[in-house]
Every structure is written in C-alpha cells, then in structure tokens.
file work24.cif (mmCIF, C-alpha atoms)
data_entry
#
loop_
_atom_site.label_atom_id
_atom_site.label_comp_id
_atom_site.auth_asym_id
_atom_site.auth_seq_id
_atom_site.Cartn_x
_atom_site.Cartn_y
_atom_site.Cartn_z
CA MET A 15 93.08 51.73 -34.10
CA GLN A 16 93.42 53.28 -37.53
CA GLU A 17 91.32 56.39 -38.13
CA SER A 18 88.62 56.06 -40.77
CA PHE A 19 89.24 57.69 -44.11
CA SER A 20 87.39 61.02 -44.32
CA LYS A 21 88.84 62.95 -47.25
CA VAL A 22 86.25 64.82 -49.33
CA ARG A 23 86.80 66.92 -52.44
CA GLY A 24 84.36 68.55 -54.80
CA MET A 25 84.95 69.27 -58.49
CA GLU A 26 82.75 71.27 -60.85
CA PHE A 27 82.96 70.91 -64.63
CA PRO A 28 81.02 72.35 -67.56
CA ARG A 29 78.28 69.84 -68.39
CA ASN A 30 78.27 70.72 -72.09
CA VAL A 31 81.03 72.19 -74.27
CA LEU A 32 80.14 73.18 -77.82
CA VAL A 33 83.02 74.36 -80.01
CA GLY A 34 82.79 74.96 -83.73
CA HIS A 35 81.38 76.86 -86.68
CA ASP A 36 77.95 78.45 -85.98
CA ALA A 37 77.83 76.91 -82.49
CA LEU A 38 75.61 79.82 -81.40
CA GLY A 39 72.78 78.20 -83.34
CA ASP A 40 72.62 75.48 -80.67
CA ILE A 41 72.09 77.84 -77.74
CA VAL A 42 68.30 77.36 -77.48
CA PRO A 43 68.25 73.54 -77.52
CA LEU A 44 71.16 73.59 -75.09
CA CYS A 45 69.30 75.81 -72.63
CA ARG A 46 66.21 73.60 -72.95
CA GLN A 47 68.30 70.50 -72.35
CA LEU A 48 69.77 72.07 -69.23
CA ASP A 49 66.21 72.75 -68.05
CA PHE A 50 66.65 76.43 -67.26
CA GLY A 51 63.68 78.53 -66.31
CA ASP A 52 62.29 80.84 -68.99
CA GLU A 53 63.72 84.08 -67.59
CA GLY A 54 67.39 84.85 -68.10
CA LEU A 55 69.90 87.69 -68.27
CA ILE A 56 72.46 88.24 -71.01
CA ILE A 57 75.57 90.02 -69.72
CA THR A 58 77.50 91.62 -72.56
CA GLY A 59 79.15 94.88 -73.62
CA SER A 60 78.96 97.65 -76.20
CA THR A 61 81.43 95.88 -78.50
CA THR A 62 80.34 92.29 -77.93
CA TYR A 63 76.59 92.93 -78.15
CA PRO A 64 76.60 93.61 -81.91
CA THR A 65 79.19 90.84 -82.40
CA ALA A 66 77.24 88.05 -80.74
CA GLY A 67 75.00 89.35 -77.93
CA LYS A 68 72.27 90.53 -80.28
CA THR A 69 72.23 87.18 -82.08
CA VAL A 70 71.95 85.32 -78.78
CA GLU A 71 69.15 87.65 -77.65
CA GLN A 72 67.20 87.05 -80.88
CA LEU A 73 67.71 83.28 -80.81
CA MET A 74 66.60 83.03 -77.18
CA SER A 75 63.56 85.25 -77.72
CA ASP A 76 62.52 83.26 -80.79
CA GLY A 77 63.01 80.10 -78.74
CA GLY A 78 60.48 81.20 -76.13
CA PHE A 79 62.84 82.53 -73.46
CA GLY A 80 62.30 85.87 -71.76
CA VAL A 81 65.77 87.37 -71.77
CA SER A 82 66.93 90.80 -70.67
CA VAL A 83 70.22 92.38 -71.68
CA HIS A 84 72.65 93.97 -69.24
CA MET A 85 75.43 96.07 -70.78
CA THR A 86 78.54 96.31 -68.66
CA GLY A 87 82.18 97.36 -68.69
CA ASN A 88 85.27 96.24 -66.77
CA ALA A 89 85.10 93.57 -64.09
CA THR A 90 84.90 95.86 -61.06
CA GLU A 91 82.98 95.37 -57.83
CA ALA A 92 80.64 98.22 -58.79
CA ASN A 93 79.82 96.67 -62.17
CA VAL A 94 79.25 93.27 -60.59
CA GLU A 95 76.79 94.83 -58.12
CA LYS A 96 74.91 96.58 -60.95
CA ALA A 97 74.64 93.31 -62.86
CA ILE A 98 73.38 91.51 -59.73
CA ASP A 99 70.67 94.15 -59.29
CA ASP A 100 69.59 93.81 -62.93
CA ALA A 101 69.49 90.02 -62.64
CA LYS A 102 67.29 90.27 -59.55
CA ASP A 103 64.97 92.81 -61.22
CA ALA A 104 64.65 90.52 -64.26
CA GLY A 105 63.91 87.48 -62.10
CA ALA A 106 66.73 85.73 -63.93
CA ARG A 107 67.01 81.98 -63.47
CA PHE A 108 70.21 81.79 -65.50
CA ILE A 109 72.98 83.99 -66.92
CA LEU A 110 74.43 84.02 -70.43
CA GLY A 111 77.86 85.68 -70.44
CA VAL A 112 78.54 86.92 -73.97
CA GLY A 113 81.88 88.62 -74.54
CA GLY A 114 85.53 88.61 -73.65
CA GLY A 115 87.16 87.85 -70.33
CA THR A 116 85.65 90.72 -68.34
CA LYS A 117 82.05 89.96 -69.35
CA ILE A 118 82.48 86.29 -68.55
CA ASP A 119 84.15 87.13 -65.21
CA ILE A 120 81.22 89.37 -64.26
CA SER A 121 78.81 86.62 -65.29
CA LYS A 122 80.63 84.11 -63.06
CA LEU A 123 80.43 86.42 -60.07
CA VAL A 124 76.76 87.27 -60.59
CA ALA A 125 75.87 83.60 -60.98
CA ALA A 126 77.85 82.71 -57.85
CA ASN A 127 76.16 85.47 -55.83
CA LEU A 128 72.64 84.48 -56.92
CA HIS A 129 73.27 80.72 -56.96
CA ILE A 130 72.06 80.34 -60.52
CA PRO A 131 73.77 78.66 -63.52
CA PHE A 132 75.59 80.51 -66.25
CA VAL A 133 76.69 79.72 -69.79
CA SER A 134 80.04 81.01 -71.05
CA ILE A 135 79.76 82.35 -74.62
CA PRO A 136 83.17 83.82 -75.50
CA THR A 137 83.65 86.25 -78.37
CA THR A 138 87.43 86.17 -77.90
CA ALA A 139 89.84 83.58 -76.54
CA SER A 140 92.44 85.76 -74.86
CA HIS A 141 92.94 83.55 -71.77
CA ASP A 142 91.89 80.25 -70.20
CA GLY A 143 89.12 81.69 -68.02
CA ILE A 144 86.48 80.64 -70.57
CA ALA A 145 85.79 77.38 -68.72
CA SER A 146 87.25 77.94 -65.25
CA GLY A 147 85.54 78.68 -61.97
CA ARG A 148 87.80 81.61 -61.17
CA ALA A 149 87.25 85.28 -61.98
CA SER A 150 89.61 88.24 -62.16
CA LEU A 151 88.31 91.36 -60.44
CA LYS A 152 89.91 94.73 -61.16
CA GLN A 153 90.90 96.57 -57.98
CA ASP A 154 92.97 99.62 -57.10
CA PHE A 155 95.96 97.47 -56.17
CA GLY A 156 95.74 95.35 -59.34
CA PRO A 157 93.66 92.40 -60.56
CA LYS A 158 92.57 89.85 -57.96
CA SER A 159 91.79 86.24 -58.83
CA ILE A 160 88.90 84.88 -56.78
CA ASP A 161 86.64 81.82 -56.63
CA ALA A 162 83.36 82.23 -58.49
CA VAL A 163 81.44 79.48 -60.28
CA THR A 164 82.25 77.14 -63.15
CA PRO A 165 80.04 77.61 -66.23
CA ILE A 166 77.44 74.90 -66.63
CA ALA A 167 78.15 75.04 -70.36
CA VAL A 168 80.52 76.65 -72.85
CA VAL A 169 79.41 77.69 -76.34
CA ALA A 170 82.42 78.79 -78.38
CA ASP A 171 81.55 79.76 -81.95
CA THR A 172 84.73 79.71 -84.02
CA SER A 173 83.14 81.88 -86.73
CA VAL A 174 82.53 84.60 -84.12
CA ILE A 175 85.88 84.34 -82.36
CA MET A 176 87.73 84.46 -85.69
CA LYS A 177 86.36 87.98 -86.24
CA ALA A 178 88.02 89.28 -83.06
CA PRO A 179 91.49 90.80 -83.39
CA TYR A 180 93.97 87.95 -83.81
CA ARG A 181 96.04 89.39 -80.98
CA HIS A 182 93.44 88.04 -78.53
CA LEU A 183 93.82 84.47 -79.76
CA ALA A 184 97.62 84.73 -79.70
CA SER A 185 97.37 85.99 -76.11
CA GLY A 186 95.16 83.04 -75.17
CA CYS A 187 97.71 80.65 -76.64
CA ALA A 188 100.51 82.36 -74.72
CA ASP A 189 98.47 82.07 -71.51
CA VAL A 190 98.15 78.30 -72.02
CA LEU A 191 101.85 77.94 -72.88
CA SER A 192 102.59 79.52 -69.51
CA ASN A 193 101.23 76.32 -67.91
CA LEU A 194 104.63 74.80 -68.68
CA THR A 195 106.35 76.83 -65.98
CA ALA A 196 103.33 76.97 -63.67
CA LEU A 197 103.44 73.16 -63.53
CA LYS A 198 107.17 73.16 -62.77
CA ASP A 199 106.50 75.59 -59.93
CA TRP A 200 103.69 73.38 -58.62
CA ASP A 201 105.85 70.27 -58.70
CA PHE A 202 108.63 72.26 -57.03
CA ALA A 203 106.29 73.35 -54.22
CA HIS A 204 104.97 69.81 -53.87
CA ARG A 205 108.47 68.38 -53.41
CA LEU A 206 109.93 71.14 -51.23
CA LYS A 207 106.87 72.32 -49.29
CA ALA A 208 104.60 69.23 -49.40
CA GLU A 209 101.93 71.29 -51.13
CA ASN A 210 98.77 69.48 -52.20
CA PHE A 211 99.07 68.09 -55.70
CA SER A 212 96.71 66.64 -58.29
CA SER A 213 98.23 64.45 -60.97
CA SER A 214 94.96 64.63 -62.95
CA ALA A 215 94.97 68.44 -63.01
CA TYR A 216 98.69 68.37 -63.83
CA SER A 217 98.09 66.06 -66.81
CA LEU A 218 95.22 68.17 -68.18
CA SER A 219 97.21 71.38 -67.92
CA LEU A 220 100.28 69.80 -69.50
CA HIS A 221 98.19 68.34 -72.34
CA ALA A 222 96.72 71.78 -73.05
CA ALA A 223 100.13 73.47 -73.14
CA THR A 224 101.85 70.81 -75.26
CA THR A 225 98.95 70.89 -77.72
CA ILE A 226 99.58 74.60 -78.30
CA LEU A 227 103.33 73.99 -78.49
CA ASP A 228 102.93 71.17 -81.02
CA ASN A 229 100.54 73.16 -83.20
CA ALA A 230 102.23 76.57 -83.00
CA GLN A 231 103.02 76.65 -86.72
CA LEU A 232 99.34 76.04 -87.58
CA ILE A 233 97.89 78.88 -85.49
CA LYS A 234 97.69 81.86 -87.81
CA PRO A 235 95.53 84.98 -88.35
CA GLY A 236 92.35 84.76 -90.43
CA VAL A 237 92.09 80.96 -90.29
CA GLU A 238 89.03 79.55 -88.54
CA GLU A 239 90.70 76.18 -88.09
CA SER A 240 93.40 77.95 -86.07
CA VAL A 241 90.69 79.13 -83.69
CA TRP A 242 89.45 75.54 -83.43
CA LEU A 243 92.96 74.23 -82.72
CA ALA A 244 93.52 76.82 -79.99
CA LEU A 245 90.11 76.76 -78.32
CA ARG A 246 90.13 73.18 -77.15
CA PRO A 247 93.40 73.42 -75.16
CA ILE A 248 92.34 76.85 -73.83
CA ILE A 249 89.15 75.25 -72.49
CA ILE A 250 91.00 72.18 -71.15
CA SER A 251 93.43 74.49 -69.35
CA GLY A 252 90.49 76.16 -67.60
CA ILE A 253 89.06 72.77 -66.63
CA SER A 254 92.37 71.77 -65.03
CA MET A 255 91.74 74.50 -62.45
CA SER A 256 88.39 72.93 -61.59
CA VAL A 257 90.10 69.60 -61.02
CA ALA A 258 92.81 71.15 -58.83
CA GLY A 259 90.41 73.38 -56.94
CA SER A 260 92.76 76.30 -57.51
CA SER A 261 94.69 78.11 -60.25
CA ARG A 262 97.89 76.19 -59.36
CA PRO A 263 98.12 74.17 -62.62
CA THR A 264 97.96 77.33 -64.72
CA SER A 265 99.53 80.07 -62.63
CA GLY A 266 103.03 80.32 -61.21
CA ALA A 267 105.94 82.75 -61.21
CA GLU A 268 105.21 83.83 -64.80
CA HIS A 269 101.77 85.07 -63.68
CA MET A 270 103.35 86.85 -60.73
CA PHE A 271 105.64 88.63 -63.20
CA SER A 272 102.55 89.67 -65.19
CA HIS A 273 100.73 90.92 -62.10
CA ALA A 274 103.82 92.86 -61.05
CA LEU A 275 103.69 94.67 -64.39
CA ASP A 276 99.99 95.39 -63.83
CA LEU A 277 100.75 96.98 -60.46
CA MET A 278 103.49 99.07 -62.03
CA GLY A 279 101.03 100.30 -64.67
CA LYS A 280 103.61 99.76 -67.39
CA GLY A 281 103.17 98.81 -71.05
CA ASN A 282 100.01 98.11 -72.99
CA ALA A 283 100.17 94.32 -73.24
CA MET A 284 97.45 91.75 -72.60
CA HIS A 285 97.55 89.33 -69.68
CA GLY A 286 98.48 86.30 -71.79
CA GLU A 287 101.17 88.24 -73.64
CA GLN A 288 102.85 89.21 -70.37
CA CYS A 289 102.60 85.65 -69.05
CA GLY A 290 104.14 84.32 -72.25
CA VAL A 291 107.23 86.50 -71.91
CA GLY A 292 107.38 85.65 -68.21
CA THR A 293 107.34 81.96 -69.12
CA ILE A 294 110.48 82.32 -71.24
CA MET A 295 112.39 83.69 -68.26
CA MET A 296 110.93 81.35 -65.63
CA MET A 297 111.71 78.32 -67.80
CA TYR A 298 115.31 79.55 -67.96
CA LEU A 299 115.40 79.68 -64.15
CA HIS A 300 114.02 76.12 -64.02
CA GLY A 301 116.78 75.00 -66.38
CA GLY A 302 114.24 73.95 -69.01
CA ASP A 303 113.89 74.48 -72.75
CA TRP A 304 113.01 78.16 -72.78
CA ALA A 305 114.06 78.51 -76.44
CA SER A 306 111.21 76.26 -77.64
CA ILE A 307 108.69 78.42 -75.78
CA LYS A 308 110.15 81.55 -77.32
CA TRP A 309 109.98 79.89 -80.76
CA ALA A 310 106.32 78.88 -80.27
CA LEU A 311 105.31 82.36 -79.14
CA SER A 312 107.05 83.85 -82.18
CA GLU A 313 105.34 81.36 -84.53
CA ILE A 314 101.92 82.19 -83.07
CA GLY A 315 102.61 85.92 -83.25
CA ALA A 316 102.79 86.70 -79.53
CA PRO A 317 105.45 88.99 -78.01
CA THR A 318 108.76 87.50 -76.90
CA ASP A 319 110.59 90.53 -75.51
CA ALA A 320 110.24 93.83 -73.68
CA ARG A 321 109.67 95.83 -76.85
CA GLY A 322 106.79 93.55 -77.84
CA LEU A 323 105.15 94.29 -74.48
CA GLY A 324 105.71 98.03 -74.81
CA LEU A 325 108.20 97.96 -71.93
CA SER A 326 111.68 99.29 -71.23
CA ASP A 327 114.47 97.04 -70.03
CA ASP A 328 114.18 98.59 -66.57
CA ASP A 329 110.44 97.77 -66.46
CA VAL A 330 111.14 94.08 -67.02
CA ILE A 331 113.92 94.01 -64.43
CA GLU A 332 111.78 95.80 -61.84
CA ALA A 333 108.88 93.36 -62.39
CA LEU A 334 111.23 90.39 -62.01
CA VAL A 335 112.67 91.78 -58.78
CA THR A 336 109.23 92.42 -57.21
CA ALA A 337 107.28 89.44 -58.63
CA HIS A 338 107.85 87.19 -55.59
CA GLU A 339 105.93 89.69 -53.43
CA ILE A 340 102.69 89.25 -55.41
CA ARG A 341 101.56 86.00 -53.77
CA LYS A 342 103.34 85.14 -50.55
CA ASP A 343 101.17 82.02 -50.26
CA ARG A 344 102.41 80.55 -53.57
CA PHE A 345 105.90 79.03 -53.58
CA THR A 346 107.63 79.21 -56.98
CA ILE A 347 111.07 79.12 -58.56
CA LEU A 348 111.50 82.70 -57.32
CA GLY A 349 111.58 81.41 -53.74
CA ASP A 350 110.72 83.48 -50.72
CA ASN A 351 113.22 86.27 -51.38
CA GLY A 352 113.00 86.66 -55.16
CA LEU A 353 115.76 87.77 -57.51
CA ASN A 354 118.18 90.60 -56.91
CA ARG A 355 118.59 93.18 -59.64
CA ALA A 356 121.78 91.67 -61.07
CA SER A 357 120.23 88.20 -61.35
CA ALA A 358 117.04 89.60 -62.89
CA GLU A 359 118.99 91.50 -65.51
CA ALA A 360 121.09 88.43 -66.32
CA VAL A 361 118.00 86.25 -66.83
CA ALA A 362 116.30 88.82 -69.04
CA ARG A 363 119.43 89.35 -71.16
CA LYS A 364 120.32 85.68 -71.58
CA THR A 365 116.82 84.91 -72.85
CA GLY A 366 116.76 87.94 -75.14
CA VAL A 367 113.81 89.52 -73.36
CA ILE A 368 115.89 92.67 -73.00
CA GLY A 369 118.67 93.80 -75.34
#
call {"tool": "encode", "arguments": {"input": "work24.cif", "output": "structure tokens"}}
result
Amino acid sequence: MQESFSKVRGMEFPRNVLVGHDALGDIVPLCRQLDFGDEGLIITGSTTYPTAGKTVEQLMSDGGFGVSVHMTGNATEANVEKAIDDAKDAGARFILGVGGGTKIDISKLVAANLHIPFVSIPTTASHDGIASGRASLKQDFGPKSIDAVTPIAVVADTSVIMKAPYRHLASGCADVLSNLTALKDWDFAHRLKAENFSSSAYSLSLHAATTILDNAQLIKPGVEESVWLALRPIIISGISMSVAGSSRPTSGAEHMFSHALDLMGKGNAMHGEQCGVGTIMMMYLHGGDWASIKWALSEIGAPTDARGLGLSDDDVIEALVTAHEIRKDRFTILGDNGLNRASAEAVARKTGVIG
C-alpha cells in the first residue's frame, strides 16, 4: 500500500512592500492596516536616527502610537539582549527597524525572540537582508547567519536611501549579482548530492540577479531612479530565501570567500563588495561568463579586484584556499577539499582579480 503524502513546508513573506519617493509618509496608515497594538519600539542608531529614525518617531507619535527609541550598535549578542530588554520594558507590540543591515538584523532577532512583528525600514541597501528572514550576528570567529523572522512589511524610501553613501548601493547590487554563482552551486549540489531544491526560489533569485545585470549601466551615484531600479531586485533576492527556507539561492562559494576574508581580518571592504569579487572567480570555476559579471560590477562602481577590496594578492589567494572550510554543510564548486594554492593563484590571475 502506498504511503500517504505528508510533506509540509512553511513560507513567510512580507505582507506589504512599499518602495519609492517619500515612502516613509505611509508608515502610520501601514501600521494601522497591519493592526499593530499602540506600543512599539524603534530600533535605530546614532547615524540612522537623524537620517530617518527621528522622522519615523515623529510620524508614529503624531499618528497616535506610543513609540520608544532604542539606539544600538553592531549586531552582537549583547546588543540584541539589550534591545530585547528595552522592548520588554516598553511593552512593545511591534518593532520598527530603521537603519542599515545591522539595525535590521537586530530588529529581526528581537522580533523573533519576543514573537512580535517587525517592519524593515532600510536607510541603505548594502545587501539583500532587507526582506529576508535571516540575520547576520557578529561573533569572535566571524559573522554567523542564523534564522530570525521575516519582516511583516518593508518600507524603502528612495529619497532617504539616495542620501546614503553610494558605495552601499553598489555593494547591495554586487551582493545580488553574486546570486549567479550561488545558483550554479545550488544546482550543482542538487545534481551531485541530491540536495533539496526549489525551482521557485531559483527563479526569483535569478530574476533579481539578471535585473541588476541588465540595468548595470543605469545604476549611478546621485540618481534616485537608480535606487529604485536596484531596490526591487535586492528585495526580491531576500524573498527568494523565504521561499527556499534557507540562504541557498543567494549564498554559495562566493560568500564563503567573503567570510574567509572576514575571518582573516583583511581589507576594509563591505560584504557585498567581497561577494562580488568572489563571484567573478567562482563563475570562472563554473566555466561561465565571468567577464560579464566583472563588467557589470565595474559599470555599477563596485570593486573588481584585490586592490579595490584593499587586499594584497596573497590575501585573495589565502581566502580562496580556505573558503571551502567555512561551511562544511554546503557543497559548492570548491568541493570538499577546496583549491590548492597554485590553482587559487591561477584563478585569481586569469580573472584579473590579482595582477
């Protein structure tokens, strides 16, 4: 007798996504529509509070909400615990995360701990975590990606994000471009290791990356429409993780290269910038069109080589050699044993990442 079908999967998505000029002005009606309680906590930082946090606080107060403000720093366990305590003291029924990646990551973790909803209100777009249910926590042995909670809504004001250093937007675009090799790694693992695979998540992630690739020449500093063009695929990339139930559609060997650099404590580059350069080299290993990725990164204004990341040639080679050790549970083009030093140097030189 055939066994009855019993497969169950859950997927969480943002219920509302508002992207555009002066989108912050819709925060009060949005919160009313979502039927939050009256008491909430705004999690922000010393830089992002005057940029957008203060405006959100004023709008919410004028709209009849009782909101408290929690100022925080990096996404560490200690800072998450402090934010949880403040949320409890304030009797918060919801969280508004106003800021860059670290503020939104802390908001995700607080909301997950207290089982309350949170709204993602980015002031920069440096990576695809704006709309995902995963958070990056800073630890002594490097950043750790963990499950948190998907935002119930995203409010991305292009007029606010445009005021952030353009480097952040370029980094976010590079992070989404890195989906191109993450997806090849996922397909590789699916075929060789029978790893679980979601064609829907794959399609969303690929759509996000190709949108950035196709519009690379239009994404420029000081242009609000460029922010608009970039934000939608950045958000879609984050949603692909919710569909997959993991970071698989957006994170492969190129992210392992980036995390290896983080552990080495080398350079001064942003996460997306490192992933972008990693993508050039991983696409070469996959036998794909690495030159088009390098071209797109250059057009957007993101780094394409070691110098752009503030690294030496040896730093890049060392990160390539050790990258496979970052996530033993994630099969990629690097395989189980990684690259030897000669192979790593050859890849980096042939792609122009090192001179």
call {"tool": "residues_around", "arguments": {"input": "work24.cif", "residues": "Gly266 (chain A)", "least_positions_apart": "4", "cutoff": "10 Å", "atoms": "only C-alpha atoms", "output": "ChimeraX atom specification"}}
result
/A:192-200,261-262,270-271,289,292-293,296,341,344-348
call {"tool": "closest_atom_pairs", "arguments": {"input": "work24.cif", "of": "region 74-96 of chain A", "to": "region 33-40 of chain A", "cutoff": "12 Å", "atoms": "only C-alpha atoms", "output": "JSON lines"}}
result
{"residue": "A:Met74", "atom": "CA", "partner": "A:Gly39", "partner_atom": "CA", "distance": 10.0}
{"residue": "A:Asp76", "atom": "CA", "partner": "A:Gly39", "partner_atom": "CA", "distance": 11.7}
{"residue": "A:Gly77", "atom": "CA", "partner": "A:Asp40", "partner_atom": "CA", "distance": 10.8}
call {"tool": "closest_residue", "arguments": {"input": "work24.cif", "among": "A:Ala178, A:Leu323, A:Ala167, A:Leu128", "to": "Gly113 (chain A)", "atoms": "all atoms listed in the file"}}
result
A:Ala178
call {"tool": "resolve_selection", "arguments": {"input": "work24.cif", "expression": "the PyMOL selection byres ((chain A and resi 125) around 12)", "output": "number ranges by chain"}}
result
A: 54-57, 94-95, 97-99, 101-102, 106-111, 118-124, 126-134, 147, 149, 161-166
call {"tool": "closest_residue", "arguments": {"input": "work24.cif", "among": "A:Gln153, A:Ser146, A:Ser214, A:Thr137", "to": "Tyr180 (chain A)", "atoms": "all atoms listed in the file"}}
result
A:Thr137
call {"tool": "atom_distance", "arguments": {"input": "work24.cif", "atom1": "CA of Ser140 (chain A)", "atom2": "CA of Ala184 (chain A)"}}
result
7.2 Å
call {"tool": "closest_residue", "arguments": {"input": "work24.cif", "among": "A:Asn88, A:Trp309, A:Ala215, A:Gly105", "to": "Glu53 (chain A)", "atoms": "all atoms listed in the file"}}
result
A:Gly105
call {"tool": "atom_distance", "arguments": {"input": "work24.cif", "atom1": "CA of Val31 (chain A)", "atom2": "CA of Pro136 (chain A)"}}
result
11.9 Å
call {"tool": "atom_distance", "arguments": {"input": "work24.cif", "atom1": "CA of Ala92 (chain A)", "atom2": "CA of Cys45 (chain A)"}}
result
28.7 Å
call {"tool": "resolve_selection", "arguments": {"input": "work24.cif", "expression": "the PyMOL selection byres ((chain A and resi 325-333) around 8)", "output": "CSV table (one decimal) with C-alpha atoms, keeping the file's coordinate frame"}}
result
chain,number,residue,atom,x,y,z
A,271,PHE,CA,105.6,88.6,-63.2
A,272,SER,CA,102.6,89.7,-65.2
A,274,ALA,CA,103.8,92.9,-61.0
A,275,LEU,CA,103.7,94.7,-64.4
A,278,MET,CA,103.5,99.1,-62.0
A,280,LYS,CA,103.6,99.8,-67.4
A,281,GLY,CA,103.2,98.8,-71.0
A,320,ALA,CA,110.2,93.8,-73.7
A,321,ARG,CA,109.7,95.8,-76.8
A,322,GLY,CA,106.8,93.6,-77.8
A,323,LEU,CA,105.2,94.3,-74.5
A,324,GLY,CA,105.7,98.0,-74.8
A,334,LEU,CA,111.2,90.4,-62.0
A,335,VAL,CA,112.7,91.8,-58.8
A,336,THR,CA,109.2,92.4,-57.2
A,337,ALA,CA,107.3,89.4,-58.6
A,355,ARG,CA,118.6,93.2,-59.6
A,358,ALA,CA,117.0,89.6,-62.9
A,359,GLU,CA,119.0,91.5,-65.5
A,362,ALA,CA,116.3,88.8,-69.0
A,368,ILE,CA,115.9,92.7,-73.0
A,369,GLY,CA,118.7,93.8,-75.3
call {"tool": "closest_residue", "arguments": {"input": "work24.cif", "among": "A:Ala104, A:Ile294, A:Ile160, A:Ala244", "to": "Asp228 (chain A)", "atoms": "only C-alpha atoms"}}
result
A:Ala244
call {"tool": "resolve_selection", "arguments": {"input": "work24.cif", "expression": "the PyMOL selection byres ((chain A and resi 188) around 8)", "output": "JSON, numbers by chain"}}
result
{"A": [184, 185, 186, 187, 189, 190, 191, 192, 286, 287, 289, 290, 311, 316]}
call {"tool": "closest_residue", "arguments": {"input": "work24.cif", "among": "A:Pro263, A:Gly59, A:Pro317, A:Gly114", "to": "Val367 (chain A)", "atoms": "only C-alpha atoms"}}
result
A:Pro317
call {"tool": "residues_near_point", "arguments": {"input": "work24.cif", "point": "(64.5, 84.5, -75.0)", "cutoff": "9 Å", "atoms": "all atoms listed in the file", "output": "mmCIF file with C-alpha atoms, in the frame of the given file"}}
result
data_model
loop_
_atom_site.group_PDB
_atom_site.id
_atom_site.type_symbol
_atom_site.label_atom_id
_atom_site.label_comp_id
_atom_site.auth_asym_id
_atom_site.auth_seq_id
_atom_site.Cartn_x
_atom_site.Cartn_y
_atom_site.Cartn_z
ATOM 1 C CA VAL A 42 68.300 77.360 -77.480
ATOM 2 C CA ASP A 52 62.290 80.840 -68.990
ATOM 3 C CA GLU A 53 63.720 84.080 -67.590
ATOM 4 C CA GLY A 54 67.390 84.850 -68.100
ATOM 5 C CA VAL A 70 71.950 85.320 -78.780
ATOM 6 C CA GLU A 71 69.150 87.650 -77.650
ATOM 7 C CA GLN A 72 67.200 87.050 -80.880
ATOM 8 C CA LEU A 73 67.710 83.280 -80.810
ATOM 9 C CA MET A 74 66.600 83.030 -77.180
ATOM 10 C CA SER A 75 63.560 85.250 -77.720
ATOM 11 C CA ASP A 76 62.520 83.260 -80.790
ATOM 12 C CA GLY A 77 63.010 80.100 -78.740
ATOM 13 C CA GLY A 78 60.480 81.200 -76.130
ATOM 14 C CA PHE A 79 62.840 82.530 -73.460
ATOM 15 C CA GLY A 80 62.300 85.870 -71.760
ATOM 16 C CA VAL A 81 65.770 87.370 -71.770
ATOM 17 C CA SER A 82 66.930 90.800 -70.670
#
call {"tool": "decode", "arguments": {"input": "work24.cif", "residues": "region 191-196 of chain A", "atoms": "all heavy atoms", "output": "JSON list (two decimals), in the first residue's frame"}}
result
[["chain", "number", "residue", "atom", "x", "y", "z"],
["A", 191, "LEU", "N", 24.17, 40.32, -7.56],
["A", 191, "LEU", "CA", 24.86, 39.68, -8.68],
["A", 191, "LEU", "C", 25.49, 38.36, -8.28],
["A", 191, "LEU", "O", 25.61, 37.43, -9.10],
["A", 191, "LEU", "CB", 25.93, 40.62, -9.26],
["A", 191, "LEU", "CG", 25.44, 41.75, -10.16],
["A", 191, "LEU", "CD1", 26.60, 42.70, -10.48],
["A", 191, "LEU", "CD2", 24.85, 41.20, -11.46],
["A", 192, "SER", "N", 25.89, 38.25, -7.02],
["A", 192, "SER", "CA", 26.53, 37.01, -6.56],
["A", 192, "SER", "C", 25.56, 35.83, -6.56],
["A", 192, "SER", "O", 25.98, 34.68, -6.46],
["A", 192, "SER", "CB", 27.14, 37.20, -5.16],
["A", 192, "SER", "OG", 26.14, 37.21, -4.16],
["A", 193, "ASN", "N", 24.25, 36.11, -6.71],
["A", 193, "ASN", "CA", 23.28, 35.01, -6.84],
["A", 193, "ASN", "C", 23.62, 34.13, -8.04],
["A", 193, "ASN", "O", 23.29, 32.94, -8.06],
["A", 193, "ASN", "CB", 21.87, 35.57, -7.05],
["A", 193, "ASN", "CG", 21.32, 36.31, -5.85],
["A", 193, "ASN", "OD1", 22.02, 36.52, -4.86],
["A", 193, "ASN", "ND2", 20.07, 36.74, -5.94],
["A", 194, "LEU", "N", 24.25, 34.72, -9.06],
["A", 194, "LEU", "CA", 24.52, 33.98, -10.29],
["A", 194, "LEU", "C", 25.41, 32.77, -10.06],
["A", 194, "LEU", "O", 25.23, 31.72, -10.69],
["A", 194, "LEU", "CB", 25.15, 34.91, -11.33],
["A", 194, "LEU", "CG", 24.23, 36.03, -11.84],
["A", 194, "LEU", "CD1", 25.02, 37.04, -12.66],
["A", 194, "LEU", "CD2", 23.06, 35.47, -12.63],
["A", 195, "THR", "N", 26.37, 32.88, -9.15],
["A", 195, "THR", "CA", 27.19, 31.71, -8.84],
["A", 195, "THR", "C", 26.59, 30.89, -7.70],
["A", 195, "THR", "O", 26.75, 29.67, -7.67],
["A", 195, "THR", "CB", 28.64, 32.11, -8.50],
["A", 195, "THR", "OG1", 28.64, 33.20, -7.57],
["A", 195, "THR", "CG2", 29.39, 32.51, -9.77],
["A", 196, "ALA", "N", 25.88, 31.54, -6.79],
["A", 196, "ALA", "CA", 25.21, 30.79, -5.72],
["A", 196, "ALA", "C", 24.22, 29.80, -6.33],
["A", 196, "ALA", "O", 24.11, 28.65, -5.87],
["A", 196, "ALA", "CB", 24.50, 31.76, -4.78]]
